[in-house]
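Engineer: I am sharing run.cif, which consists of mmCIF, C-alpha atoms:
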```
data_entry
loop_
_atom_site.label_atom_id
_atom_site.label_comp_id
_atom_site.auth_asym_id
_atom_site.auth_seq_id
_atom_site.Cartn_x
_atom_site.Cartn_y
_atom_site.Cartn_z
CA MET A 1 85.61 -3.79 -41.65
CA TYR A 2 84.96 -1.25 -44.37
CA ASN A 3 87.49 0.00 -46.92
CA LEU A 4 88.31 3.26 -48.68
CA GLY A 5 85.58 4.21 -51.12
CA ASP A 6 82.87 2.15 -49.41
CA LYS A 7 79.46 3.82 -49.20
CA ILE A 8 78.02 3.50 -45.71
CA VAL A 9 75.23 4.89 -43.55
CA TYR A 10 75.78 6.40 -40.12
CA PRO A 11 72.44 6.57 -38.24
CA MET A 12 71.18 10.09 -37.50
CA HIS A 13 73.65 11.61 -39.99
CA GLY A 14 73.02 9.78 -43.25
CA ALA A 15 75.13 8.17 -45.92
CA GLY A 16 78.65 8.99 -46.99
CA ILE A 17 81.79 7.61 -48.57
CA ILE A 18 84.81 6.50 -46.60
CA GLU A 19 87.59 8.75 -47.83
CA ALA A 20 90.25 7.78 -45.29
CA ILE A 21 91.01 5.50 -42.37
CA GLU A 22 93.15 7.39 -39.89
CA GLU A 23 94.73 6.64 -36.57
CA LYS A 24 94.17 9.35 -33.97
CA GLU A 25 95.09 9.67 -30.34
CA VAL A 26 92.16 10.73 -28.17
CA LEU A 27 92.50 10.96 -24.40
CA GLY A 28 95.83 9.16 -24.57
CA GLU A 29 94.41 6.20 -26.50
CA LYS A 30 95.16 5.49 -30.16
CA LYS A 31 92.24 4.35 -32.28
CA LYS A 32 91.48 3.96 -35.96
CA TYR A 33 88.69 6.09 -37.40
CA TYR A 34 86.72 6.04 -40.63
CA VAL A 35 86.68 9.52 -42.16
CA ILE A 36 83.33 9.74 -43.93
CA ALA A 37 82.60 12.45 -46.51
CA MET A 38 78.90 13.27 -46.57
CA PRO A 39 77.45 14.15 -50.02
CA CYS A 40 75.16 16.87 -48.67
CA GLY A 41 76.64 19.89 -46.95
CA ASP A 42 80.41 19.25 -47.18
CA MET A 43 80.40 17.60 -43.76
CA LYS A 44 82.91 14.99 -42.65
CA LEU A 45 82.44 12.53 -39.80
CA MET A 46 84.95 10.45 -37.92
CA VAL A 47 83.65 7.13 -36.66
CA PRO A 48 85.76 4.78 -34.52
CA VAL A 49 86.40 1.58 -36.50
CA ASP A 50 85.92 -0.55 -33.38
CA ASN A 51 82.49 0.94 -32.63
CA ALA A 52 81.09 1.13 -36.16
CA GLU A 53 78.95 -1.99 -35.95
CA SER A 54 77.62 -1.31 -32.45
CA ILE A 55 76.47 2.20 -33.37
CA GLY A 56 74.61 0.91 -36.41
CA VAL A 57 76.90 1.74 -39.35
CA ARG A 58 75.71 -0.25 -42.35
CA ASP A 59 76.08 -0.56 -46.13
CA ILE A 60 73.87 1.65 -48.28
CA ILE A 61 70.86 0.14 -49.97
CA ASP A 62 70.90 -1.42 -53.44
CA ASN A 63 68.80 -0.50 -56.50
CA GLN A 64 65.92 -2.83 -55.57
CA GLU A 65 65.71 -1.28 -52.11
CA VAL A 66 65.71 2.20 -53.68
CA GLU A 67 62.53 1.21 -55.54
CA ASN A 68 61.05 -0.11 -52.28
CA VAL A 69 61.79 3.22 -50.57
CA TYR A 70 60.03 5.03 -53.43
CA ARG A 71 56.98 2.82 -52.86
CA VAL A 72 56.96 3.75 -49.15
CA LEU A 73 56.98 7.44 -50.10
CA GLU A 74 54.05 6.92 -52.50
CA GLN A 75 51.84 5.23 -49.90
CA ASP A 76 49.00 7.11 -48.28
CA SER A 77 49.90 8.78 -45.03
CA LYS A 78 47.79 8.61 -41.92
CA ILE A 79 47.57 11.29 -39.27
CA THR A 80 48.05 9.80 -35.84
CA GLU A 81 46.24 11.62 -33.08
CA MET A 82 48.91 11.22 -30.43
CA ASN A 83 50.20 14.51 -29.03
CA TRP A 84 53.23 16.08 -30.71
CA ASN A 85 55.57 15.16 -27.84
CA LYS A 86 54.80 11.43 -28.04
CA ARG A 87 54.90 11.55 -31.83
CA TYR A 88 58.28 13.34 -31.71
CA ARG A 89 59.78 10.75 -29.34
CA SER A 90 58.42 7.88 -31.43
CA ASN A 91 59.84 9.39 -34.61
CA MET A 92 63.19 10.06 -32.91
CA ASP A 93 63.46 6.40 -31.90
CA ARG A 94 62.68 5.39 -35.48
CA MET A 95 65.34 7.80 -36.81
CA LYS A 96 67.96 6.44 -34.41
CA SER A 97 67.37 2.96 -35.83
CA GLY A 98 68.99 4.03 -39.10
CA ASP A 99 66.39 2.01 -41.03
CA ILE A 100 65.88 3.72 -44.41
CA TYR A 101 62.24 2.60 -44.59
CA GLU A 102 61.49 4.16 -41.19
CA ILE A 103 63.19 7.38 -42.30
CA ALA A 104 61.06 7.38 -45.48
CA ARG A 105 57.88 6.90 -43.39
CA ILE A 106 58.86 9.81 -41.15
CA VAL A 107 59.45 12.04 -44.18
CA ARG A 108 56.15 10.97 -45.74
CA ASN A 109 54.07 11.31 -42.56
CA LEU A 110 55.54 14.60 -41.34
CA SER A 111 55.30 16.13 -44.84
CA PHE A 112 51.63 15.13 -45.01
CA ARG A 113 50.95 16.46 -41.53
CA ASP A 114 52.76 19.71 -42.39
CA SER A 115 50.58 20.20 -45.47
CA LEU A 116 47.38 19.73 -43.40
CA LYS A 117 48.02 21.13 -39.96
CA GLY A 118 51.55 22.48 -39.86
CA LEU A 119 54.34 21.22 -37.62
CA SER A 120 55.90 22.37 -34.39
CA THR A 121 59.40 23.82 -34.65
CA GLY A 122 60.90 20.56 -33.35
CA GLU A 123 59.01 18.48 -35.88
CA LYS A 124 60.00 20.82 -38.73
CA LYS A 125 63.63 20.35 -37.76
CA MET A 126 63.10 16.58 -37.56
CA LEU A 127 61.50 16.56 -41.03
CA ASN A 128 64.45 18.46 -42.48
CA ASN A 129 66.94 16.11 -40.81
CA ALA A 130 65.05 13.00 -41.92
CA LYS A 131 64.84 14.33 -45.48
CA GLN A 132 68.58 15.04 -45.52
CA ILE A 133 69.35 11.52 -44.24
CA LEU A 134 67.01 10.01 -46.83
CA VAL A 135 68.42 12.08 -49.69
CA SER A 136 72.04 11.34 -48.75
CA GLU A 137 71.50 7.60 -49.01
CA LEU A 138 69.33 7.67 -52.12
CA ILE A 139 71.78 9.83 -54.10
CA LEU A 140 74.68 7.52 -53.26
CA ALA A 141 72.58 4.46 -54.08
CA ASP A 142 71.44 5.67 -57.50
CA GLY A 143 74.11 8.21 -58.48
CA SER A 144 71.80 11.23 -58.73
CA THR A 145 72.15 14.77 -57.33
CA PRO A 146 70.58 16.28 -54.19
CA ASP A 147 68.37 18.62 -56.27
CA TYR A 148 67.08 15.79 -58.44
CA MET A 149 66.40 13.55 -55.44
CA ASN A 150 64.58 16.28 -53.47
CA LYS A 151 62.30 16.87 -56.46
CA LYS A 152 61.78 13.12 -56.94
CA ILE A 153 60.79 12.67 -53.28
CA GLU A 154 58.36 15.59 -53.45
CA GLY A 155 56.88 14.22 -56.68
CA LEU A 156 56.38 10.76 -55.19
CA MET A 157 54.62 12.16 -52.14
CA ASP A 158 52.45 14.50 -54.24
CA LYS A 159 50.87 11.44 -55.88
CA ASN A 160 48.91 10.58 -52.73
#
```
Any chance you could give the structure as structure tokens?
Structural biologist:
Amino acid sequence: MYNLGDKIVYPMHGAGIIEAIEEKEVLGEKKKYYVIAMPCGDMKLMVPVDNAESIGVRDIIDNQEVENVYRVLEQDSKITEMNWNKRYRSNMDRMKSGDIYEIARIVRNLSFRDSLKGLSTGEKKMLNNAKQILVSELILADGSTPDYMNKKIEGLMDKN
């Protein structure tokens, strides 16, 4: 179980800080919920305490893992020749995993593809979502700001 002030990641939404644990009645059943404040966009999420583990809620990464994520972003990207629909589904499965390294690869690969060939509307939206998820965790892990982290990510990917 997590506590107030813990920094956690909710797959497909990103990282946030638990600001409350509340009991709510939904459909006649009382349950405890984590109220998670997201650092980007003033969004708050409520996650059932009982389901947190099964839906993939996890601790944020540590400083060493932040450096590993930066290395993933610096790596050369490869354009896969699968059609956009298969690529989209593959990337969506990787995003649902909540794995920060997979999210970083999606950001790197889609950014590279966008710079060369452009992206479909769906892939542009996915890139923006993946970038927001990535930024939310990295800023909580290293204490920076969204603007700084967006520039850092762009700078790392510009190296290749």
Engineer: List the spatial neighbours of Ile103 (chain A) as a list of chain:residue names - criterion: any atom at most 10 Å away, all atoms listed in the file, same-chain residues fewer than 3 positions off excluded.
Structural biologist: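 Within the cut-off, the hits are A:Met12, A:Val69, A:Val72, A:Leu73, A:Asn91, A:Met92, A:Arg94, A:Met95, A:Lys96, A:Ser97, A:Gly98, A:Asp99, A:Ile100, A:Ile106, A:Val107, A:Arg108, A:Asn109, A:Leu127, A:Asn129, A:Ala130, A:Lys131, A:Gln132, A:Ile133, A:Leu134.
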Engineer: Written as number ranges by chain, which residues does the PyMOL selection byres ((chain A and resi 1) around 12) give for the file shown?
Structural biologist: A: 2-4, 6, 8, 18, 21, 32-34, 48-53, 57-59
Engineer: Care to translate the PyMOL selection byres ((chain A and resi 113) around 12) into actual residues of this file, as a PyMOL selection string?
Structural biologist: chain A and resi 76-81+84+87+105-112+114-120+123-124+127
Engineer: Between CA of Ala141 (chain A) and CA of Ile36 (chain A), what is the distance, to one decimal in Å?
Structural biologist: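 Spanning CA of Ala141 (chain A) to CA of Ile36 (chain A) is a straight-line distance of 15.7 Å.
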Engineer: Would you please work out which residue, of A:Ile139, A:Leu27, A:Ala20, A:Ile61, is nearest to Lys44 (chain A) when using all atoms listed in the file?
Structural biologist: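 When distances to Lys44 (chain A) are compared using all atoms listed in the file, the smallest one comes from A:Ala20.
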Engineer: Could you tell me which of A:Met43, A:Ala37, A:Met82, A:Arg71 comes closest to Gly16 (chain A) if we count all atoms listed in the file?
Structural biologist: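 Using all atoms listed in the file, the shortest distance to Gly16 (chain A) belongs to A:Ala37.
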Engineer: Draw an axis-aligned box tight on the listed atoms of region 26-44 of chain A, then pad every side by 4 Å and write out centre and edge lengths in Å to one decimal as AutoDock Vina command-line options.
Structural biologist:
```
--center_x 85.5 --center_y 11.9 --center_z -37.2 --size_x 28.7 --size_y 23.9 --size_z 33.6
```
Engineer: On this structure, which residues satisfy the PyMOL selection byres ((chain A and resi 142-152) around 10), written as a PDB file with C-alpha atoms, keeping the file's coordinate frame?
Structural biologist:
```
ATOM      1  CA  PRO A  39      77.450  14.150 -50.020  1.00  0.00           C
ATOM      2  CA  CYS A  40      75.160  16.870 -48.670  1.00  0.00           C
ATOM      3  CA  ILE A  61      70.860   0.140 -49.970  1.00  0.00           C
ATOM      4  CA  ASP A  62      70.900  -1.420 -53.440  1.00  0.00           C
ATOM      5  CA  ASN A  63      68.800  -0.500 -56.500  1.00  0.00           C
ATOM      6  CA  VAL A  66      65.710   2.200 -53.680  1.00  0.00           C
ATOM      7  CA  TYR A  70      60.030   5.030 -53.430  1.00  0.00           C
ATOM      8  CA  LYS A 131      64.840  14.330 -45.480  1.00  0.00           C
ATOM      9  CA  GLN A 132      68.580  15.040 -45.520  1.00  0.00           C
ATOM     10  CA  LEU A 134      67.010  10.010 -46.830  1.00  0.00           C
ATOM     11  CA  VAL A 135      68.420  12.080 -49.690  1.00  0.00           C
ATOM     12  CA  SER A 136      72.040  11.340 -48.750  1.00  0.00           C
ATOM     13  CA  GLU A 137      71.500   7.600 -49.010  1.00  0.00           C
ATOM     14  CA  LEU A 138      69.330   7.670 -52.120  1.00  0.00           C
ATOM     15  CA  ILE A 139      71.780   9.830 -54.100  1.00  0.00           C
ATOM     16  CA  LEU A 140      74.680   7.520 -53.260  1.00  0.00           C
ATOM     17  CA  ALA A 141      72.580   4.460 -54.080  1.00  0.00           C
ATOM     18  CA  ILE A 153      60.790  12.670 -53.280  1.00  0.00           C
ATOM     19  CA  GLU A 154      58.360  15.590 -53.450  1.00  0.00           C
ATOM     20  CA  GLY A 155      56.880  14.220 -56.680  1.00  0.00           C
ATOM     21  CA  LEU A 156      56.380  10.760 -55.190  1.00  0.00           C
ATOM     22  CA  MET A 157      54.620  12.160 -52.140  1.00  0.00           C
ATOM     23  CA  ASP A 158      52.450  14.500 -54.240  1.00  0.00           C
TER      24      ASP A 158
END
```
Engineer: Have a look at A:Tyr101, A:Asp93, A:Met38, A:Glu29 and name the one nearest to Gly14 (chain A); count all atoms listed in the file.
Structural biologist: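 Nearest candidate to Gly14 (chain A) out of A:Tyr101, A:Asp93, A:Met38, A:Glu29: A:Met38.
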Engineer: Kindly give the distance, in Å, that separates CA of Lys7 (chain A) and CA of Met46 (chain A), rounded to a single decimal.
Structural biologist: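 Atom-to-atom, CA of Lys7 (chain A) to CA of Met46 (chain A), that is 14.2 Å.
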Engineer: As an exercise, work out the distance from CA of Glu19 (chain A) to CA of Ser54 (chain A) in Å and give it to one decimal place.
Structural biologist: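 Distance reported for this atom pair: 20.9 Å.
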